Every structure is written in structure tokens, then in C-alpha cells.
Amino acid sequence: MIDTLRLTAEEAWRLVDGREISGAELFAAYAGREDDLHAYLHRCDDPGGDGIPIAIKDVIGTKGVPTTAGSKILEGYVPVFDSTVASRCKQRGLRLLGKTNTDEFAMGSSTENSAFGPSRNPWDPTRVPGGSGGGSAAAVTGGLAPWALGSDTGGSIKQPSALCGNVGLRPTYGTVSRYGVVAFASSLDQVGPVAKTVRDCAFLYSIIAGRDENDSTTVEVPTVELPGAEDLTGVRIGVPKEMNEAEGIEPGVSAAVRRAIELAESLGAEVGECSLPRSVEYGVACYYLVAPAEASSNLGRYDGVRYGLRSDAADFREMLMQTRHDGFGDEPKRRIMIGTYALSSGYYDAYYGTAQKVRTVIRREHADVFESFDLIVSPTSPTVAFKIGEKVDNPLAMYLNDLLTIPSCMAGLPGLNIPCGLSEGLPVGLQLIGPQFSENTLFRAGHALERALGFDSVPERLR
Amino acid sequence: MAGISRDEVLHVARLARLELTDEEVGRFQEQLSEIIEAISKVSQLDLSDVPPTAHPLEIANTWAEDEPRPSLTLDEVFANAPDRDDGYFRVPPA
């Protein structure tokens, strides 16, 4: 009997390598579990291979397997080539379980913007799993996959991991190839791992990371070290005041994060206060100019000509406009319009140009903090998982879910979420952020804290 | 700078080649006004000496070797096309 709720990828790999179970049996254990969380948009038959199974977010292109990005405009689209990350997983023998649900084009914080309906939180199915990568996070915690790939533009890996109680890494910009991944905001998009443990997360990162000749923004990456140390001796941890005292952080979230910081100190870390005033104050505004501007350009490719939906119309222009009307949901429409507005003549300097300068301010503020600290910590999400439907009519309120994940994304920095406790019976996520290419430091600190915290990642209702 | 008029919504939608129903124009006008007001906050900072950031990494001129490689076949290229005429994508008259 394989307990898919508890089995880590590391243990699964050991069992398969030692021939204690076969890869096919392992695959069947996950594939046979009912998806009552709507984590998947598409499930696959066992493709075979030497390795263990994996789930992949539906914005990541997979040859021969439908890839919709949660959008009606890509319904029925079947890529004729693999993304680099899917191809690297295949080369390691990983077997694709299926494609996981996402907010349309990864635009959202709850999966409620998926054209195919929301996923549900494994801890409480009346609540959201976070987003946009809620499907991957729900699959990992819900026993539907040992690990998964997500993508993160402003928090789409870290925030769902926080809300579902698992481990998610948004890697340093440029460490993981975006080739074959449906583009949202190209200067921000990063693919990353979602897993049950920090070690699994580090291992999956080592499989996908590295320079790719098909993505000119990728760079050589330091060798990934699987973490083993259980202390934090000598690690300097900064606690940015504004990110830990921001308005809207629930008291239960604050309390769990505070306990984790005290624990870090008892493990030998040197903890001190620091400050990121303008990053927090202006981060969300900056993000919601830069990301929609890039999205409005990237989503220009959906024209009903080469792939995707085409609506009937008598002439070309009408076909184009009607296709985009029928194919895009409200959130992509809003972002396309904000982005087009911010880039349009007369407004460019005031909006997009200004946001790019604010981005420099955010980068510099973080660089200053990392002169004195190895990493900084805060809650990942100001709140625990909220009810499905609660914020769906208020786009601006939904945007504020990303208040604490956005600043480091703007600066291209890596961030790790680990679960650090419960509030009102729901998981609270701790966010660890380091300078560029500091993934090994994040893994080391995340692993030591994970061991000391002893968080039980299986939802209470499923134990 | 706050707010966006009905005409501006229609103008932006036209620029983005996006058809909107009357109901959508009204709803988006309200929502976009609220969002644009919130993001206008970036103009509060004094940024006179700050250069822009377009990209988080300081890399430039990443070249690929200029060598021919196998590419997709025509059938693969057209596999997801809504309409095809031999080696062309067929579209309604312009």
C-alpha cells in the first residue's frame, strides 16, 4: 500500500530504485486517486520511464499533451514540441501524471480565473488553493502527485504552496528555461518546483535548472546542494519590518511566523531587523504596471490564425477581435487593457517608464539589505486560504494577496515557501528570500527549519 | 491621472484588438479606474536620478551559434491551425 499523501519524492525514488515497488505501481497509485480537488485539467496514461511521477502546470508546454494555460483560447491546443523543463524531466525518466489547473495565463491568486473552474484546497475544499499554481500545490498536498512544476510571475508558486502547506521555490530569474512555457510577463516569469519537503524541492530544482541555448535569458547555475544540516549556525536572517507588520496580515499568520523566527534563532541564526520601505509600499503598483504591459504584448499572439480558438467572422479584423473577445476571460482582458493603456502614447512615461524606475529602487533596496543579511523572512501570504468566491468580484483586493511575494520577484530574487504552522486549522507559509543565485542558502535554512518545525503536511481531514 | 473614461476603455480595447460588449465596457471602466488609481501611486516617488530596469539580470549579447538545425515539419507547424491551405494559414478576407 503506497500512501501518496505522505510519500516524499526522495523516498519514492529510493523504493523504485531498490525495486521494492515498480515505477508503474507508483504511477498507478497517484493516477488511481480520485481528483476531487480539481487539481488536474488533464490526466495522462503512464508514459513509462525509469523515474517517478510528476505533475506539470498547464502553462508549461508538453509535446502531445494538451496545454491550455487555463484559457478557452487554447482549448484543444496540443504542443508539437516539449518545453525545455518538460524535456529535462523526461530525460530523468519522470513520468507525466497530468497537467494542473491554473488561473488563466497564470493571472490570479486563487485558480478562480481558470476558464475550467477553480481547484480546491486539500485542507478545506470550500477554500481556494491559492494561485495561479493552485492545481500543482493542491496535487502535491492532496496525494495526487509526489511533486510538481509550477510557474511564478508575482507569487504563483510561493503563495499556493503557503495556502496548501507545502514547499515551493521561485528560483532566481534566469536559472530555469522559459522555452516552451506560455508567456505572461517575460521579465518576471520563472518555472520552479513544488514538493512536500525542502530536499525534494532542491532535487527537482537541480533537474530543471541550468543554461538553455533556447532561452537567451538563462545563465549557468551554481551546483545544487541537497541540504542536510539541521542547524543555522552563522546564518544571518533579516526580518523586514514592513513585510512582517504590513496592514492586512492576519494575527494567526503573524504569530506562526514569529514562532518560526524564534526557532531559527534557537538553531543558531543571527536574527536582526531590517527595512524595505519602498519595496513594500510601491511593489504591487509597480508589478501591476510592468506585468500587464508585458502581458499585453505577449498575448498579442492569440490571433485565431496559427493556433487556438478562431471565432467566425466575415473579415479578418472582425475575426481577430471576436476571437480575442470570446477566448479570453475577464482577468486577461483587464490586464491586456491596463498594459495597453500603460504603454500607449501619452501615458508611457508616466506609467511604464516610471514603473521601470521603481523597479530599480526595489532592486537597490534589496541589495542594501543583503549587505548585512544572508536571507530575509516574512509571511508568504498575509492570510490563510480564503473561501472560494470571497474575492472574485474585487480584482484589486485579489491583487493584494501578492503584497509580500511581489517585491522580490521584481528584483529577480529567489524565494522559498515552507509551511510553519496552522492558523484557524489552515497552513501558514514562511517566505525565505535571498540574493540572486542563493538557492543553496535557502535550501539549507528551509531544511533546518522544516526539521525543527515538524509540520505535518497531511491535511487534518485526510489523516 | 486617476480614472479612465468610457471612450478610453473603447480606445484601449481597439488598440488591443479586443471586442467588448456594452456590459463589459461599463464593468471594465469601473474596475480599471479603480486599478489605475491604485497603480498611479508609482508617480509619488522622486525618481529623477534613477535609471530604469527592464530586466533583473545584467547580461547582454547572448548569442547562439549560427548553425542550421532541424526545424518542425510543415504538418507539425499546421497541426494546431484553425484553417490551412497547403503551405499557408487561411484567414477571412482582410
# chains A, B, ... in the order shown; residues from 1 in each chain; ligands from 1

$ interface_residues --of "chain A" --to "chain B" --cutoff "8 Å" --atoms "only C-alpha atoms" --output "VMD selection string"
chain A and resid 77 to 78 80 173 to 174 187 213 216 to 217 282 284 to 286 288 to 289 296 300 304 to 310 313 to 317 319 to 322 324 to 325 333 to 334 336 to 338 340 to 341 350 to 351 353 to 361 395 to 396 410 to 412

$ select_by_dssp --residues "chain B" --states "strand (DSSP E)" --output "list in words"
Arg84, Asp85, Tyr88 and Phe89 of chain B

$ select_by_dssp --residues "chain B" --states "alpha helix (DSSP H)" --output "ChimeraX atom specification"
/B:6-15,22-39,74-77

$ write_last_selection --atoms "N, CA and C atoms" --output "JSON list (two decimals), in the first residue's frame"
[["chain", "number", "residue", "atom", "x", "y", "z"],
["B", 6, "ARG", "N", -15.17, 56.06, -20.50],
["B", 6, "ARG", "CA", -15.75, 55.05, -21.37],
["B", 6, "ARG", "C", -15.06, 55.05, -22.74],
["B", 7, "ASP", "N", -14.81, 56.24, -23.26],
["B", 7, "ASP", "CA", -14.14, 56.33, -24.57],
["B", 7, "ASP", "C", -12.72, 55.77, -24.51],
["B", 8, "GLU", "N", -12.04, 56.02, -23.39],
["B", 8, "GLU", "CA", -10.68, 55.48, -23.26],
["B", 8, "GLU", "C", -10.68, 53.95, -23.19],
["B", 9, "VAL", "N", -11.68, 53.39, -22.51],
["B", 9, "VAL", "CA", -11.79, 51.93, -22.48],
["B", 9, "VAL", "C", -11.94, 51.40, -23.90],
["B", 10, "LEU", "N", -12.83, 52.04, -24.66],
["B", 10, "LEU", "CA", -13.06, 51.59, -26.04],
["B", 10, "LEU", "C", -11.81, 51.77, -26.90],
["B", 11, "HIS", "N", -11.10, 52.88, -26.68],
["B", 11, "HIS", "CA", -9.87, 53.16, -27.44],
["B", 11, "HIS", "C", -8.81, 52.10, -27.15],
["B", 12, "VAL", "N", -8.60, 51.82, -25.86],
["B", 12, "VAL", "CA", -7.59, 50.83, -25.45],
["B", 12, "VAL", "C", -7.98, 49.45, -25.99],
["B", 13, "ALA", "N", -9.25, 49.10, -25.90],
["B", 13, "ALA", "CA", -9.70, 47.79, -26.39],
["B", 13, "ALA", "C", -9.46, 47.68, -27.90],
["B", 14, "ARG", "N", -9.69, 48.78, -28.62],
["B", 14, "ARG", "CA", -9.43, 48.76, -30.07],
["B", 14, "ARG", "C", -7.95, 48.57, -30.36],
["B", 15, "LEU", "N", -7.11, 49.29, -29.60],
["B", 15, "LEU", "CA", -5.66, 49.13, -29.78],
["B", 15, "LEU", "C", -5.24, 47.68, -29.54],
["B", 22, "ASP", "N", -21.36, 46.05, -24.55],
["B", 22, "ASP", "CA", -21.69, 47.25, -23.76],
["B", 22, "ASP", "C", -21.55, 46.98, -22.28],
["B", 23, "GLU", "N", -22.03, 45.81, -21.88],
["B", 23, "GLU", "CA", -21.98, 45.45, -20.46],
["B", 23, "GLU", "C", -20.52, 45.41, -19.99],
["B", 24, "GLU", "N", -19.64, 44.82, -20.83],
["B", 24, "GLU", "CA", -18.23, 44.73, -20.46],
["B", 24, "GLU", "C", -17.58, 46.11, -20.37],
["B", 25, "VAL", "N", -17.93, 46.99, -21.30],
["B", 25, "VAL", "CA", -17.34, 48.33, -21.27],
["B", 25, "VAL", "C", -17.64, 49.00, -19.93],
["B", 26, "GLY", "N", -18.88, 48.89, -19.47],
["B", 26, "GLY", "CA", -19.27, 49.51, -18.20],
["B", 26, "GLY", "C", -18.53, 48.90, -17.03],
["B", 27, "ARG", "N", -18.50, 47.58, -16.99],
["B", 27, "ARG", "CA", -17.87, 46.87, -15.88],
["B", 27, "ARG", "C", -16.36, 47.15, -15.85],
["B", 28, "PHE", "N", -15.72, 47.05, -17.02],
["B", 28, "PHE", "CA", -14.27, 47.27, -17.07],
["B", 28, "PHE", "C", -13.92, 48.73, -16.76],
["B", 29, "GLN", "N", -14.79, 49.65, -17.18],
["B", 29, "GLN", "CA", -14.49, 51.06, -16.88],
["B", 29, "GLN", "C", -14.37, 51.26, -15.37],
["B", 30, "GLU", "N", -15.31, 50.67, -14.65],
["B", 30, "GLU", "CA", -15.31, 50.79, -13.20],
["B", 30, "GLU", "C", -14.09, 50.11, -12.59],
["B", 31, "GLN", "N", -13.84, 48.86, -13.00],
["B", 31, "GLN", "CA", -12.73, 48.10, -12.41],
["B", 31, "GLN", "C", -11.38, 48.70, -12.79],
["B", 32, "LEU", "N", -11.21, 49.06, -14.06],
["B", 32, "LEU", "CA", -9.92, 49.59, -14.50],
["B", 32, "LEU", "C", -9.65, 50.94, -13.85],
["B", 33, "SER", "N", -10.69, 51.75, -13.63],
["B", 33, "SER", "CA", -10.50, 53.04, -12.96],
["B", 33, "SER", "C", -9.90, 52.83, -11.57],
["B", 34, "GLU", "N", -10.48, 51.86, -10.86],
["B", 34, "GLU", "CA", -10.00, 51.57, -9.51],
["B", 34, "GLU", "C", -8.55, 51.09, -9.54],
["B", 35, "ILE", "N", -8.24, 50.20, -10.51],
["B", 35, "ILE", "CA", -6.88, 49.64, -10.61],
["B", 35, "ILE", "C", -5.89, 50.73, -11.01],
["B", 36, "ILE", "N", -6.27, 51.55, -11.99],
["B", 36, "ILE", "CA", -5.35, 52.59, -12.47],
["B", 36, "ILE", "C", -5.09, 53.61, -11.37],
["B", 37, "GLU", "N", -6.11, 53.89, -10.58],
["B", 37, "GLU", "CA", -5.89, 54.80, -9.46],
["B", 37, "GLU", "C", -4.86, 54.22, -8.49],
["B", 38, "ALA", "N", -4.99, 52.91, -8.23],
["B", 38, "ALA", "CA", -4.06, 52.27, -7.29],
["B", 38, "ALA", "C", -2.63, 52.23, -7.83],
["B", 39, "ILE", "N", -2.48, 51.94, -9.12],
["B", 39, "ILE", "CA", -1.11, 51.83, -9.65],
["B", 39, "ILE", "C", -0.49, 53.19, -9.95],
["B", 74, "LEU", "N", 6.20, 20.92, -41.90],
["B", 74, "LEU", "CA", 5.02, 21.74, -42.21],
["B", 74, "LEU", "C", 3.78, 21.20, -41.51],
["B", 75, "ASP", "N", 3.64, 19.89, -41.48],
["B", 75, "ASP", "CA", 2.46, 19.31, -40.83],
["B", 75, "ASP", "C", 2.44, 19.62, -39.33],
["B", 76, "GLU", "N", 3.63, 19.63, -38.72],
["B", 76, "GLU", "CA", 3.69, 19.99, -37.30],
["B", 76, "GLU", "C", 3.33, 21.46, -37.11],
["B", 77, "VAL", "N", 3.84, 22.30, -37.99],
["B", 77, "VAL", "CA", 3.57, 23.74, -37.89],
["B", 77, "VAL", "C", 2.06, 24.01, -37.98]]

$ residues_around --residues "region 151-162 of chain A" --least-positions-apart "2" --cutoff "6 Å" --atoms "only C-alpha atoms" --output "ChimeraX atom specification"
/A:129-134,137,164-168,188-192,381,405-406,409,417,428-429

$ atom_distance --atom1 "CA of Thr4 (chain A)" --atom2 "CA of Gly117 (chain A)"
24.8 Å

$ atom_distance --atom1 "CA of Glu25 (chain A)" --atom2 "CA of Gly142 (chain A)"
18.4 Å

$ closest_residue --among "A:Phe373, A:Phe184, A:Tyr348, A:Trp147" --to "Arg301 (chain A)" --atoms "only C-alpha atoms"
A:Phe184

$ residues_around --residues "Glu365 (chain A)" --least-positions-apart "6" --cutoff "9 Å" --atoms "only C-alpha atoms" --output "PyMOL selection string"
chain A and resi 275-279

$ residues_around --residues "Val16 (chain A)" --least-positions-apart "6" --cutoff "9 Å" --atoms "only C-alpha atoms" --output "number ranges by chain"
A: 22-23, 26, 50-52

$ residues_around --residues "Pro79 (chain A)" --least-positions-apart "3" --cutoff "8 Å" --atoms "only C-alpha atoms" --output "ChimeraX atom specification"
/A:61-67,82
